>>> print(open('run_16.cif').read())   # mmCIF, N, CA and C atoms
data_structure
loop_
_atom_site.label_atom_id
_atom_site.label_comp_id
_atom_site.auth_asym_id
_atom_site.auth_seq_id
_atom_site.Cartn_x
_atom_site.Cartn_y
_atom_site.Cartn_z
N MET J 1459 0.82 -1.19 0.00
CA MET J 1459 0.00 0.00 0.00
C MET J 1459 0.87 1.25 0.00
N ASP J 1460 2.02 1.15 0.64
CA ASP J 1460 2.93 2.30 0.67
C ASP J 1460 3.45 2.62 -0.72
N ALA J 1461 3.63 1.57 -1.53
CA ALA J 1461 4.12 1.80 -2.89
C ALA J 1461 3.09 2.57 -3.72
N VAL J 1462 1.83 2.30 -3.49
CA VAL J 1462 0.77 3.01 -4.22
C VAL J 1462 0.75 4.48 -3.82
N PHE J 1463 0.84 4.74 -2.51
CA PHE J 1463 0.84 6.13 -2.05
C PHE J 1463 2.09 6.87 -2.52
N ALA J 1464 3.24 6.20 -2.53
CA ALA J 1464 4.47 6.82 -3.03
C ALA J 1464 4.34 7.15 -4.51
N HIS J 1465 3.75 6.24 -5.27
CA HIS J 1465 3.54 6.48 -6.71
C HIS J 1465 2.63 7.69 -6.92
N LEU J 1466 1.55 7.77 -6.16
CA LEU J 1466 0.62 8.89 -6.31
C LEU J 1466 1.25 10.21 -5.89
N GLN J 1467 2.06 10.19 -4.84
CA GLN J 1467 2.72 11.41 -4.40
C GLN J 1467 3.74 11.90 -5.42
N GLU J 1468 4.41 10.99 -6.10
CA GLU J 1468 5.40 11.39 -7.09
C GLU J 1468 4.76 11.92 -8.38
N ARG J 1469 3.59 11.41 -8.72
CA ARG J 1469 3.01 11.72 -10.03
C ARG J 1469 1.65 12.41 -9.96
N TRP J 1470 1.34 13.08 -8.87
CA TRP J 1470 0.01 13.66 -8.72
C TRP J 1470 -0.23 14.79 -9.71
N ILE J 1471 0.79 15.51 -10.10
CA ILE J 1471 0.61 16.62 -11.05
C ILE J 1471 0.20 16.06 -12.42
N ALA J 1472 0.81 14.97 -12.83
CA ALA J 1472 0.45 14.37 -14.12
C ALA J 1472 -1.00 13.86 -14.10
N TYR J 1473 -1.41 13.25 -12.99
CA TYR J 1473 -2.79 12.76 -12.89
C TYR J 1473 -3.80 13.91 -12.91
N VAL J 1474 -3.49 15.01 -12.26
CA VAL J 1474 -4.38 16.17 -12.27
C VAL J 1474 -4.46 16.76 -13.67
N ALA J 1475 -3.31 16.84 -14.38
CA ALA J 1475 -3.30 17.37 -15.75
C ALA J 1475 -4.13 16.48 -16.68
N ILE J 1476 -3.98 15.17 -16.54
CA ILE J 1476 -4.77 14.25 -17.37
C ILE J 1476 -6.26 14.41 -17.08
N LEU J 1477 -6.62 14.56 -15.81
CA LEU J 1477 -8.02 14.74 -15.45
C LEU J 1477 -8.58 16.04 -16.01
N LEU J 1478 -7.81 17.12 -15.92
CA LEU J 1478 -8.28 18.40 -16.45
C LEU J 1478 -8.42 18.37 -17.96
N CYS J 1479 -7.50 17.72 -18.64
CA CYS J 1479 -7.57 17.66 -20.11
C CYS J 1479 -8.70 16.75 -20.59
N SER J 1480 -8.97 15.70 -19.85
CA SER J 1480 -9.99 14.75 -20.30
C SER J 1480 -11.39 15.06 -19.76
N SER J 1481 -11.51 15.98 -18.82
CA SER J 1481 -12.83 16.27 -18.25
C SER J 1481 -13.83 16.80 -19.29
N PRO J 1482 -13.46 17.66 -20.26
CA PRO J 1482 -14.46 18.04 -21.27
C PRO J 1482 -14.96 16.84 -22.08
N LEU J 1483 -14.05 15.93 -22.45
CA LEU J 1483 -14.49 14.74 -23.18
C LEU J 1483 -15.37 13.85 -22.32
N LEU J 1484 -15.00 13.71 -21.05
CA LEU J 1484 -15.84 12.91 -20.15
C LEU J 1484 -17.22 13.52 -19.98
N TYR J 1485 -17.29 14.85 -19.96
CA TYR J 1485 -18.59 15.50 -19.83
C TYR J 1485 -19.44 15.31 -21.08
N VAL J 1486 -18.82 15.44 -22.24
CA VAL J 1486 -19.57 15.31 -23.50
C VAL J 1486 -20.06 13.88 -23.67
N PHE J 1487 -19.22 12.90 -23.35
CA PHE J 1487 -19.56 11.50 -23.56
C PHE J 1487 -19.96 10.80 -22.26
N ARG J 1488 -20.53 11.52 -21.33
CA ARG J 1488 -20.85 10.95 -20.01
C ARG J 1488 -21.90 9.83 -20.09
N LYS J 1489 -22.80 9.90 -21.06
CA LYS J 1489 -23.82 8.85 -21.18
C LYS J 1489 -23.22 7.53 -21.63
N GLN J 1490 -22.06 7.57 -22.27
CA GLN J 1490 -21.39 6.35 -22.67
C GLN J 1490 -20.32 5.93 -21.66
N VAL J 1491 -19.67 6.88 -21.01
CA VAL J 1491 -18.54 6.59 -20.13
C VAL J 1491 -18.99 6.12 -18.76
N ILE J 1492 -19.99 6.76 -18.18
CA ILE J 1492 -20.40 6.43 -16.81
C ILE J 1492 -20.90 4.99 -16.69
N PRO J 1493 -21.70 4.46 -17.61
CA PRO J 1493 -22.07 3.03 -17.49
C PRO J 1493 -20.88 2.09 -17.57
N ILE J 1494 -19.88 2.41 -18.37
CA ILE J 1494 -18.69 1.56 -18.46
C ILE J 1494 -17.92 1.60 -17.14
N VAL J 1495 -17.82 2.77 -16.54
CA VAL J 1495 -17.11 2.89 -15.25
C VAL J 1495 -17.85 2.10 -14.18
N TRP J 1496 -19.17 2.20 -14.13
CA TRP J 1496 -19.94 1.46 -13.13
C TRP J 1496 -19.82 -0.04 -13.34
N TYR J 1497 -19.82 -0.49 -14.58
CA TYR J 1497 -19.70 -1.92 -14.90
C TYR J 1497 -18.34 -2.45 -14.44
N THR J 1498 -17.29 -1.66 -14.68
CA THR J 1498 -15.95 -2.05 -14.24
C THR J 1498 -15.86 -2.06 -12.72
N CYS J 1499 -16.45 -1.07 -12.07
CA CYS J 1499 -16.45 -1.04 -10.60
C CYS J 1499 -17.21 -2.23 -10.02
N GLU J 1500 -18.27 -2.64 -10.66
CA GLU J 1500 -19.03 -3.80 -10.19
C GLU J 1500 -18.17 -5.06 -10.21
N MET J 1501 -17.43 -5.25 -11.31
CA MET J 1501 -16.54 -6.41 -11.38
C MET J 1501 -15.44 -6.33 -10.32
N ALA J 1502 -14.91 -5.14 -10.09
CA ALA J 1502 -13.86 -4.97 -9.09
C ALA J 1502 -14.39 -5.26 -7.69
N ILE J 1503 -15.63 -4.90 -7.42
CA ILE J 1503 -16.23 -5.19 -6.10
C ILE J 1503 -16.39 -6.69 -5.91
N TYR J 1504 -16.83 -7.40 -6.95
CA TYR J 1504 -16.95 -8.86 -6.83
C TYR J 1504 -15.60 -9.52 -6.57
N MET J 1505 -14.56 -9.06 -7.27
CA MET J 1505 -13.23 -9.63 -7.06
C MET J 1505 -12.68 -9.29 -5.68
N ALA J 1506 -12.94 -8.09 -5.19
CA ALA J 1506 -12.48 -7.71 -3.85
C ALA J 1506 -13.18 -8.55 -2.78
N MET J 1507 -14.49 -8.80 -2.97
CA MET J 1507 -15.19 -9.64 -2.00
C MET J 1507 -14.62 -11.05 -1.99
N PHE J 1508 -14.31 -11.61 -3.17
CA PHE J 1508 -13.72 -12.94 -3.24
C PHE J 1508 -12.35 -12.95 -2.57
N HIS J 1509 -11.55 -11.92 -2.80
CA HIS J 1509 -10.22 -11.84 -2.19
C HIS J 1509 -10.32 -11.78 -0.67
N LEU J 1510 -11.28 -11.03 -0.16
CA LEU J 1510 -11.46 -10.95 1.30
C LEU J 1510 -11.88 -12.30 1.88
N VAL J 1511 -12.74 -13.02 1.18
CA VAL J 1511 -13.16 -14.34 1.65
C VAL J 1511 -11.98 -15.30 1.67
N ILE J 1512 -11.18 -15.31 0.62
CA ILE J 1512 -10.00 -16.19 0.57
C ILE J 1512 -9.01 -15.80 1.66
N HIS J 1513 -8.80 -14.52 1.87
CA HIS J 1513 -7.90 -14.05 2.93
C HIS J 1513 -8.38 -14.54 4.30
N GLY J 1514 -9.67 -14.43 4.54
CA GLY J 1514 -10.22 -14.90 5.81
C GLY J 1514 -10.10 -16.40 5.98
N ILE J 1515 -10.37 -17.16 4.92
CA ILE J 1515 -10.26 -18.62 5.00
C ILE J 1515 -8.82 -19.04 5.29
N VAL J 1516 -7.85 -18.40 4.64
CA VAL J 1516 -6.44 -18.74 4.86
C VAL J 1516 -6.03 -18.41 6.29
N ARG J 1517 -6.49 -17.29 6.80
CA ARG J 1517 -6.13 -16.94 8.20
C ARG J 1517 -6.75 -17.91 9.19
N VAL J 1518 -8.01 -18.29 8.97
CA VAL J 1518 -8.67 -19.25 9.87
C VAL J 1518 -7.99 -20.62 9.76
N ALA J 1519 -7.62 -21.05 8.54
CA ALA J 1519 -6.94 -22.34 8.37
C ALA J 1519 -5.58 -22.33 9.06
N ARG J 1520 -4.85 -21.23 8.95
CA ARG J 1520 -3.55 -21.13 9.63
C ARG J 1520 -3.73 -21.19 11.13
N TRP J 1521 -4.70 -20.46 11.65
CA TRP J 1521 -4.95 -20.48 13.09
C TRP J 1521 -5.37 -21.87 13.55
N PHE J 1522 -6.27 -22.52 12.81
CA PHE J 1522 -6.76 -23.84 13.19
C PHE J 1522 -5.63 -24.87 13.14
N LYS J 1523 -4.78 -24.80 12.13
CA LYS J 1523 -3.65 -25.73 12.03
C LYS J 1523 -2.71 -25.56 13.21
N LEU J 1524 -2.47 -24.32 13.62
CA LEU J 1524 -1.56 -24.06 14.74
C LEU J 1524 -2.18 -24.49 16.07
N GLU J 1525 -3.48 -24.25 16.24
CA GLU J 1525 -4.12 -24.53 17.52
C GLU J 1525 -4.56 -25.98 17.67
N SER J 1526 -4.64 -26.73 16.58
CA SER J 1526 -5.12 -28.10 16.69
C SER J 1526 -3.99 -29.13 16.82
N THR J 1527 -2.76 -28.68 16.83
CA THR J 1527 -1.64 -29.60 17.02
C THR J 1527 -1.24 -29.61 18.49
N PHE J 1528 -0.48 -30.64 18.87
CA PHE J 1528 -0.02 -30.74 20.25
C PHE J 1528 0.94 -29.61 20.56
N MET J 1529 1.13 -29.36 21.84
CA MET J 1529 1.93 -28.24 22.29
C MET J 1529 3.36 -28.31 21.76
N TYR J 1530 3.98 -29.49 21.76
CA TYR J 1530 5.38 -29.61 21.35
C TYR J 1530 5.53 -29.75 19.84
N ASP J 1531 4.46 -30.03 19.14
CA ASP J 1531 4.52 -30.20 17.68
C ASP J 1531 4.12 -28.95 16.92
N LYS J 1532 3.89 -27.85 17.62
CA LYS J 1532 3.40 -26.63 16.96
C LYS J 1532 4.48 -26.02 16.07
N VAL J 1533 4.15 -25.95 14.80
CA VAL J 1533 5.01 -25.30 13.82
C VAL J 1533 4.12 -24.39 12.98
N ASP J 1534 4.46 -23.11 12.95
CA ASP J 1534 3.66 -22.17 12.17
C ASP J 1534 3.89 -22.44 10.68
N THR J 1535 2.81 -22.65 9.97
CA THR J 1535 2.90 -22.95 8.54
C THR J 1535 3.25 -21.73 7.72
N GLY J 1536 2.94 -20.56 8.20
CA GLY J 1536 3.22 -19.33 7.46
C GLY J 1536 2.26 -19.06 6.33
N TRP J 1537 1.13 -19.75 6.33
CA TRP J 1537 0.15 -19.51 5.27
C TRP J 1537 -0.29 -18.06 5.33
N ASN J 1538 -0.30 -17.43 4.17
CA ASN J 1538 -0.60 -16.00 4.16
C ASN J 1538 -1.06 -15.57 2.77
N THR J 1539 -1.96 -14.61 2.76
CA THR J 1539 -2.32 -13.89 1.54
C THR J 1539 -2.28 -12.41 1.89
N PRO J 1540 -1.76 -11.57 0.99
CA PRO J 1540 -1.72 -10.15 1.30
C PRO J 1540 -3.12 -9.55 1.20
N LEU J 1541 -3.42 -8.66 2.11
CA LEU J 1541 -4.75 -8.06 2.10
C LEU J 1541 -4.83 -6.93 1.07
N PHE J 1542 -3.80 -6.09 1.01
CA PHE J 1542 -3.86 -4.93 0.12
C PHE J 1542 -2.95 -5.05 -1.11
N THR J 1543 -1.79 -5.64 -0.98
CA THR J 1543 -0.87 -5.76 -2.12
C THR J 1543 -1.06 -7.12 -2.78
N PHE J 1544 -2.22 -7.33 -3.35
CA PHE J 1544 -2.57 -8.63 -3.91
C PHE J 1544 -1.81 -8.95 -5.18
N TRP J 1545 -1.16 -8.00 -5.80
CA TRP J 1545 -0.44 -8.23 -7.04
C TRP J 1545 0.97 -8.79 -6.80
N GLU J 1546 1.46 -8.79 -5.57
CA GLU J 1546 2.80 -9.30 -5.27
C GLU J 1546 2.74 -10.81 -5.06
N ARG J 1547 3.31 -11.54 -6.00
CA ARG J 1547 3.24 -12.99 -5.94
C ARG J 1547 4.07 -13.58 -4.82
N GLY J 1548 5.13 -12.93 -4.43
CA GLY J 1548 6.03 -13.47 -3.41
C GLY J 1548 5.43 -13.51 -2.02
N VAL J 1549 4.39 -12.75 -1.77
CA VAL J 1549 3.79 -12.68 -0.43
C VAL J 1549 2.84 -13.86 -0.18
N TYR J 1550 2.33 -14.44 -1.24
CA TYR J 1550 1.40 -15.56 -1.09
C TYR J 1550 2.15 -16.80 -0.60
N ASN J 1551 1.59 -17.45 0.39
CA ASN J 1551 2.16 -18.70 0.89
C ASN J 1551 1.01 -19.63 1.22
N PRO J 1552 0.78 -20.69 0.57
CA PRO J 1552 1.49 -21.31 -0.55
C PRO J 1552 1.30 -20.52 -1.84
N GLN J 1553 2.24 -20.72 -2.76
CA GLN J 1553 2.28 -19.94 -4.00
C GLN J 1553 1.07 -20.17 -4.90
N TRP J 1554 0.44 -21.33 -4.82
CA TRP J 1554 -0.67 -21.63 -5.72
C TRP J 1554 -1.89 -20.78 -5.41
N LEU J 1555 -1.94 -20.15 -4.24
CA LEU J 1555 -3.08 -19.28 -3.92
C LEU J 1555 -3.16 -18.09 -4.87
N PHE J 1556 -2.00 -17.57 -5.30
CA PHE J 1556 -2.01 -16.46 -6.25
C PHE J 1556 -2.68 -16.88 -7.56
N TYR J 1557 -2.31 -18.05 -8.07
CA TYR J 1557 -2.88 -18.53 -9.33
C TYR J 1557 -4.35 -18.91 -9.17
N PHE J 1558 -4.72 -19.38 -7.98
CA PHE J 1558 -6.12 -19.67 -7.71
C PHE J 1558 -6.96 -18.40 -7.75
N GLU J 1559 -6.45 -17.33 -7.12
CA GLU J 1559 -7.19 -16.07 -7.15
C GLU J 1559 -7.21 -15.47 -8.56
N LEU J 1560 -6.14 -15.64 -9.32
CA LEU J 1560 -6.12 -15.14 -10.69
C LEU J 1560 -7.14 -15.88 -11.55
N ALA J 1561 -7.21 -17.20 -11.40
CA ALA J 1561 -8.20 -17.97 -12.15
C ALA J 1561 -9.62 -17.60 -11.72
N ALA J 1562 -9.82 -17.37 -10.42
CA ALA J 1562 -11.14 -16.96 -9.93
C ALA J 1562 -11.52 -15.59 -10.47
N ALA J 1563 -10.55 -14.67 -10.58
CA ALA J 1563 -10.85 -13.35 -11.14
C ALA J 1563 -11.27 -13.46 -12.60
N ILE J 1564 -10.61 -14.34 -13.35
CA ILE J 1564 -10.99 -14.54 -14.75
C ILE J 1564 -12.39 -15.13 -14.85
N LEU J 1565 -12.70 -16.08 -13.95
CA LEU J 1565 -14.05 -16.66 -13.94
C LEU J 1565 -15.10 -15.63 -13.52
N ILE J 1566 -14.75 -14.74 -12.61
CA ILE J 1566 -15.70 -13.70 -12.19
C ILE J 1566 -16.00 -12.77 -13.36
N VAL J 1567 -14.96 -12.35 -14.08
CA VAL J 1567 -15.16 -11.46 -15.23
C VAL J 1567 -16.01 -12.17 -16.29
N ALA J 1568 -15.70 -13.43 -16.56
CA ALA J 1568 -16.47 -14.19 -17.55
C ALA J 1568 -17.92 -14.37 -17.10
N GLY J 1569 -18.13 -14.62 -15.81
CA GLY J 1569 -19.48 -14.79 -15.29
C GLY J 1569 -20.29 -13.51 -15.35
N VAL J 1570 -19.66 -12.39 -15.03
CA VAL J 1570 -20.38 -11.12 -15.10
C VAL J 1570 -20.72 -10.79 -16.55
N ILE J 1571 -19.79 -11.04 -17.46
CA ILE J 1571 -20.08 -10.77 -18.87
C ILE J 1571 -21.18 -11.70 -19.38
N ARG J 1572 -21.16 -12.95 -18.92
CA ARG J 1572 -22.15 -13.93 -19.41
C ARG J 1572 -23.54 -13.71 -18.80
N TYR J 1573 -23.60 -13.51 -17.48
CA TYR J 1573 -24.90 -13.46 -16.81
C TYR J 1573 -25.42 -12.06 -16.55
N ARG J 1574 -24.59 -11.07 -16.70
CA ARG J 1574 -25.03 -9.68 -16.56
C ARG J 1574 -24.33 -8.84 -17.62
N PRO J 1575 -24.69 -9.07 -18.89
CA PRO J 1575 -23.97 -8.40 -19.98
C PRO J 1575 -24.19 -6.90 -19.96
N PHE J 1576 -23.20 -6.20 -20.47
CA PHE J 1576 -23.26 -4.75 -20.53
C PHE J 1576 -24.20 -4.34 -21.65
N THR J 1577 -25.16 -3.51 -21.33
CA THR J 1577 -26.07 -2.97 -22.34
C THR J 1577 -26.10 -1.47 -22.19
N ALA J 1578 -25.92 -0.79 -23.30
CA ALA J 1578 -25.99 0.66 -23.28
C ALA J 1578 -27.45 1.08 -23.17
N GLN J 1579 -27.72 2.01 -22.30
CA GLN J 1579 -29.08 2.49 -22.11
C GLN J 1579 -29.42 3.52 -23.19
N THR J 1580 -30.64 3.47 -23.66
CA THR J 1580 -31.07 4.46 -24.64
C THR J 1580 -31.94 5.50 -23.95
N VAL J 1581 -31.85 6.70 -24.45
CA VAL J 1581 -32.64 7.79 -23.89
C VAL J 1581 -33.95 7.86 -24.67
N HIS J 1582 -35.06 7.74 -23.98
CA HIS J 1582 -36.37 7.79 -24.63
C HIS J 1582 -36.84 9.23 -24.71
N ALA J 1583 -37.71 9.48 -25.69
CA ALA J 1583 -38.26 10.82 -25.85
C ALA J 1583 -39.17 11.13 -24.66
N ARG J 1584 -39.21 12.37 -24.31
CA ARG J 1584 -40.05 12.78 -23.18
C ARG J 1584 -41.52 12.75 -23.56
N ARG J 1585 -42.34 12.45 -22.56
CA ARG J 1585 -43.79 12.46 -22.80
C ARG J 1585 -44.28 13.90 -22.84
N PRO J 1586 -45.37 14.15 -23.55
CA PRO J 1586 -45.89 15.52 -23.56
C PRO J 1586 -46.38 15.93 -22.17
N VAL J 1587 -46.26 17.20 -21.91
CA VAL J 1587 -46.66 17.73 -20.61
C VAL J 1587 -48.19 17.68 -20.50
N GLN J 1588 -48.69 17.20 -19.37
CA GLN J 1588 -50.13 17.10 -19.15
C GLN J 1588 -50.70 18.47 -18.81
N ALA J 1589 -51.90 18.74 -19.32
CA ALA J 1589 -52.59 19.97 -18.97
C ALA J 1589 -53.07 19.84 -17.53
N LYS J 1590 -53.02 20.92 -16.80
CA LYS J 1590 -53.39 20.86 -15.39
C LYS J 1590 -54.85 20.47 -15.24
N GLY J 1591 -55.12 19.47 -14.44
CA GLY J 1591 -56.47 19.05 -14.15
C GLY J 1591 -57.04 18.08 -15.17
N MET J 1592 -56.29 17.72 -16.18
CA MET J 1592 -56.81 16.80 -17.19
C MET J 1592 -55.84 15.64 -17.36
N ALA J 1593 -56.39 14.45 -17.36
CA ALA J 1593 -55.58 13.27 -17.64
C ALA J 1593 -55.46 13.11 -19.15
N SER J 1594 -54.47 12.40 -19.59
CA SER J 1594 -54.30 12.23 -21.03
C SER J 1594 -55.41 11.34 -21.59
N GLN J 1595 -55.79 11.61 -22.81
CA GLN J 1595 -56.78 10.84 -23.55
C GLN J 1595 -58.17 10.86 -22.91
N VAL J 1596 -58.50 11.88 -22.14
CA VAL J 1596 -59.82 11.98 -21.52
C VAL J 1596 -60.47 13.25 -22.05
N ARG J 1597 -61.71 13.10 -22.55
CA ARG J 1597 -62.43 14.26 -23.05
C ARG J 1597 -63.31 14.82 -21.95
N PRO J 1598 -63.58 16.09 -22.03
CA PRO J 1598 -64.53 16.66 -21.07
C PRO J 1598 -65.92 16.06 -21.27
N SER J 1599 -66.75 16.13 -20.26
CA SER J 1599 -68.07 15.50 -20.32
C SER J 1599 -68.96 16.12 -21.39
N ALA J 1600 -68.80 17.38 -21.73
CA ALA J 1600 -69.62 18.03 -22.74
C ALA J 1600 -69.35 17.46 -24.13
N ALA J 1601 -68.17 17.00 -24.35
CA ALA J 1601 -67.83 16.46 -25.67
C ALA J 1601 -68.47 15.10 -25.89
N ARG J 1602 -68.82 14.38 -24.84
CA ARG J 1602 -69.43 13.06 -24.98
C ARG J 1602 -70.93 13.13 -25.16
N GLY J 1603 -71.49 14.17 -24.86
CA GLY J 1603 -72.94 14.29 -24.96
C GLY J 1603 -73.47 15.04 -23.76
N SER J 1604 -74.75 14.92 -23.49
CA SER J 1604 -75.34 15.67 -22.39
C SER J 1604 -74.97 15.10 -21.04
N GLY J 1605 -74.55 13.84 -21.02
CA GLY J 1605 -74.20 13.24 -19.74
C GLY J 1605 -75.38 12.67 -19.01
N VAL J 1606 -76.62 12.81 -19.58
CA VAL J 1606 -77.81 12.30 -18.94
C VAL J 1606 -78.16 10.98 -19.58
N ARG J 1607 -78.50 9.99 -18.75
CA ARG J 1607 -78.87 8.68 -19.30
C ARG J 1607 -80.32 8.70 -19.72
N LYS J 1608 -80.58 7.96 -20.71
CA LYS J 1608 -81.96 7.89 -21.19
C LYS J 1608 -82.58 6.60 -20.82
#
>>> encode(input="run_16.cif", output="structure tokens")
Amino acid sequence: MDAVFAHLQERWIAYVAILLCSSPLLYVFRKQVIPIVWYTCEMAIYMAMFHLVIHGIVRVARWFKLESTFMYDKVDTGWNTPLFTFWERGVYNPQWLFYFELAAAILIVAGVIRYRPFTAQTVHARRPVQAKGMASQVRPSAARGSGVRK
């Protein structure tokens, strides 16, 4: 996490310049850009939830392995997954957990694309404004006749 903050502190001027230069385009194309950003954020939330579940399972398994052995046989396995620096392969112990999470992330992206495909929303024409006190497609009583039954 410190590496991310150091990167942002070193390059914050470039990120602000990119944001200022691209903000007019983002404003003009907001109806196309905002749904794509939300769709990407949705996939990232699913992957983060999966990563948190795997992190919790590994911590509970490590604790259970340590606490379920005899007092003299206790050896810490060192099982670990990084909570924030998930891209560092060397921190994962055992190493196959990194590839398991990578495969799960690919399956999550494929599942979201398959079962919740991205569809661009269309803007419909506005309905005509209703006259005050009158519902649409309703004629006044005088237009229908005298209103008296025979």
>>> atom_distance(input="run_16.cif", atom1="atom CA of J:Tyr1504", atom2="atom N of J:Ala1519")
21.7 Å
>>> atom_distance(input="run_16.cif", atom1="atom C of J:Pro1575", atom2="atom C of J:Leu1555")
28.2 Å
>>> closest_atom_pairs(input="run_16.cif", of="stretch 1493-1577 of chain J", to="stretch 1481-1486 of chain J", cutoff="12 Å", atoms="only C-alpha atoms", output="tab-separated table")
residue	atom	partner	partner_atom	distance
J:Pro1493	CA	J:Leu1484	CA	12.0
J:Ile1494	CA	J:Leu1484	CA	11.8
J:Val1495	CA	J:Leu1484	CA	11.2
>>> closest_residue(input="run_16.cif", among="J:Phe1576, J:Trp1537, J:Val1570, J:Arg1585", to="J:Asn1551", atoms="only N, CA and C atoms")
J:Trp1537
>>> select_by_dssp(input="run_16.cif", residues="chain J", states="helix (DSSP H, G or I)", output="PyMOL selection string")
chain J and resi 1460-1468+1470-1486+1488-1525+1529-1531+1547-1549+1554-1573+1599-1602
>>> resolve_selection(input="run_16.cif", expression="the PyMOL selection byres (((chain J and resi 1508 and name CA) around 12) and name CA)", output="short mmCIF file (atom, residue, chain, number, x, y, z; two decimals) with N, CA and C atoms, keeping the file's coordinate frame")
data_model
loop_
_atom_site.label_atom_id
_atom_site.label_comp_id
_atom_site.auth_asym_id
_atom_site.auth_seq_id
_atom_site.Cartn_x
_atom_site.Cartn_y
_atom_site.Cartn_z
N MET J 1501 -17.43 -5.25 -11.31
CA MET J 1501 -16.54 -6.41 -11.38
C MET J 1501 -15.44 -6.33 -10.32
N ALA J 1502 -14.91 -5.14 -10.09
CA ALA J 1502 -13.86 -4.97 -9.09
C ALA J 1502 -14.39 -5.26 -7.69
N ILE J 1503 -15.63 -4.90 -7.42
CA ILE J 1503 -16.23 -5.19 -6.10
C ILE J 1503 -16.39 -6.69 -5.91
N TYR J 1504 -16.83 -7.40 -6.95
CA TYR J 1504 -16.95 -8.86 -6.83
C TYR J 1504 -15.60 -9.52 -6.57
N MET J 1505 -14.56 -9.06 -7.27
CA MET J 1505 -13.23 -9.63 -7.06
C MET J 1505 -12.68 -9.29 -5.68
N ALA J 1506 -12.94 -8.09 -5.19
CA ALA J 1506 -12.48 -7.71 -3.85
C ALA J 1506 -13.18 -8.55 -2.78
N MET J 1507 -14.49 -8.80 -2.97
CA MET J 1507 -15.19 -9.64 -2.00
C MET J 1507 -14.62 -11.05 -1.99
N HIS J 1509 -11.55 -11.92 -2.80
CA HIS J 1509 -10.22 -11.84 -2.19
C HIS J 1509 -10.32 -11.78 -0.67
N LEU J 1510 -11.28 -11.03 -0.16
CA LEU J 1510 -11.46 -10.95 1.30
C LEU J 1510 -11.88 -12.30 1.88
N VAL J 1511 -12.74 -13.02 1.18
CA VAL J 1511 -13.16 -14.34 1.65
C VAL J 1511 -11.98 -15.30 1.67
N ILE J 1512 -11.18 -15.31 0.62
CA ILE J 1512 -10.00 -16.19 0.57
C ILE J 1512 -9.01 -15.80 1.66
N HIS J 1513 -8.80 -14.52 1.87
CA HIS J 1513 -7.90 -14.05 2.93
C HIS J 1513 -8.38 -14.54 4.30
N GLY J 1514 -9.67 -14.43 4.54
CA GLY J 1514 -10.22 -14.90 5.81
C GLY J 1514 -10.10 -16.40 5.98
N ILE J 1515 -10.37 -17.16 4.92
CA ILE J 1515 -10.26 -18.62 5.00
C ILE J 1515 -8.82 -19.04 5.29
N LEU J 1541 -3.42 -8.66 2.11
CA LEU J 1541 -4.75 -8.06 2.10
C LEU J 1541 -4.83 -6.93 1.07
N PHE J 1544 -2.22 -7.33 -3.35
CA PHE J 1544 -2.57 -8.63 -3.91
C PHE J 1544 -1.81 -8.95 -5.18
N PHE J 1558 -4.72 -19.38 -7.98
CA PHE J 1558 -6.12 -19.67 -7.71
C PHE J 1558 -6.96 -18.40 -7.75
N GLU J 1559 -6.45 -17.33 -7.12
CA GLU J 1559 -7.19 -16.07 -7.15
C GLU J 1559 -7.21 -15.47 -8.56
N LEU J 1560 -6.14 -15.64 -9.32
CA LEU J 1560 -6.12 -15.14 -10.69
C LEU J 1560 -7.14 -15.88 -11.55
N ALA J 1561 -7.21 -17.20 -11.40
CA ALA J 1561 -8.20 -17.97 -12.15
C ALA J 1561 -9.62 -17.60 -11.72
N ALA J 1562 -9.82 -17.37 -10.42
CA ALA J 1562 -11.14 -16.96 -9.93
C ALA J 1562 -11.52 -15.59 -10.47
N ALA J 1563 -10.55 -14.67 -10.58
CA ALA J 1563 -10.85 -13.35 -11.14
C ALA J 1563 -11.27 -13.46 -12.60
N ILE J 1564 -10.61 -14.34 -13.35
CA ILE J 1564 -10.99 -14.54 -14.75
C ILE J 1564 -12.39 -15.13 -14.85
N LEU J 1565 -12.70 -16.08 -13.95
CA LEU J 1565 -14.05 -16.66 -13.94
C LEU J 1565 -15.10 -15.63 -13.52
N ILE J 1566 -14.75 -14.74 -12.61
CA ILE J 1566 -15.70 -13.70 -12.19
C ILE J 1566 -16.00 -12.77 -13.36
#
>>> resolve_selection(input="run_16.cif", expression="the PyMOL selection byres ((chain J and resi 1538) around 6.5)", output="PyMOL selection string")
chain J and resi 1516+1536-1537+1539-1540+1549-1552
>>> write_last_selection(input="run_16.cif", atoms="N, CA and C atoms", output="short mmCIF file (atom, residue, chain, number, x, y, z; two decimals), in the coordinates of the input")
data_model
loop_
_atom_site.label_atom_id
_atom_site.label_comp_id
_atom_site.auth_asym_id
_atom_site.auth_seq_id
_atom_site.Cartn_x
_atom_site.Cartn_y
_atom_site.Cartn_z
N VAL J 1516 -7.85 -18.40 4.64
CA VAL J 1516 -6.44 -18.74 4.86
C VAL J 1516 -6.03 -18.41 6.29
N GLY J 1536 2.94 -20.56 8.20
CA GLY J 1536 3.22 -19.33 7.46
C GLY J 1536 2.26 -19.06 6.33
N TRP J 1537 1.13 -19.75 6.33
CA TRP J 1537 0.15 -19.51 5.27
C TRP J 1537 -0.29 -18.06 5.33
N THR J 1539 -1.96 -14.61 2.76
CA THR J 1539 -2.32 -13.89 1.54
C THR J 1539 -2.28 -12.41 1.89
N PRO J 1540 -1.76 -11.57 0.99
CA PRO J 1540 -1.72 -10.15 1.30
C PRO J 1540 -3.12 -9.55 1.20
N VAL J 1549 4.39 -12.75 -1.77
CA VAL J 1549 3.79 -12.68 -0.43
C VAL J 1549 2.84 -13.86 -0.18
N TYR J 1550 2.33 -14.44 -1.24
CA TYR J 1550 1.40 -15.56 -1.09
C TYR J 1550 2.15 -16.80 -0.60
N ASN J 1551 1.59 -17.45 0.39
CA ASN J 1551 2.16 -18.70 0.89
C ASN J 1551 1.01 -19.63 1.22
N PRO J 1552 0.78 -20.69 0.57
CA PRO J 1552 1.49 -21.31 -0.55
C PRO J 1552 1.30 -20.52 -1.84
#
>>> atom_distance(input="run_16.cif", atom1="atom CA of J:Tyr1497", atom2="atom N of J:Thr1577")
8.6 Å
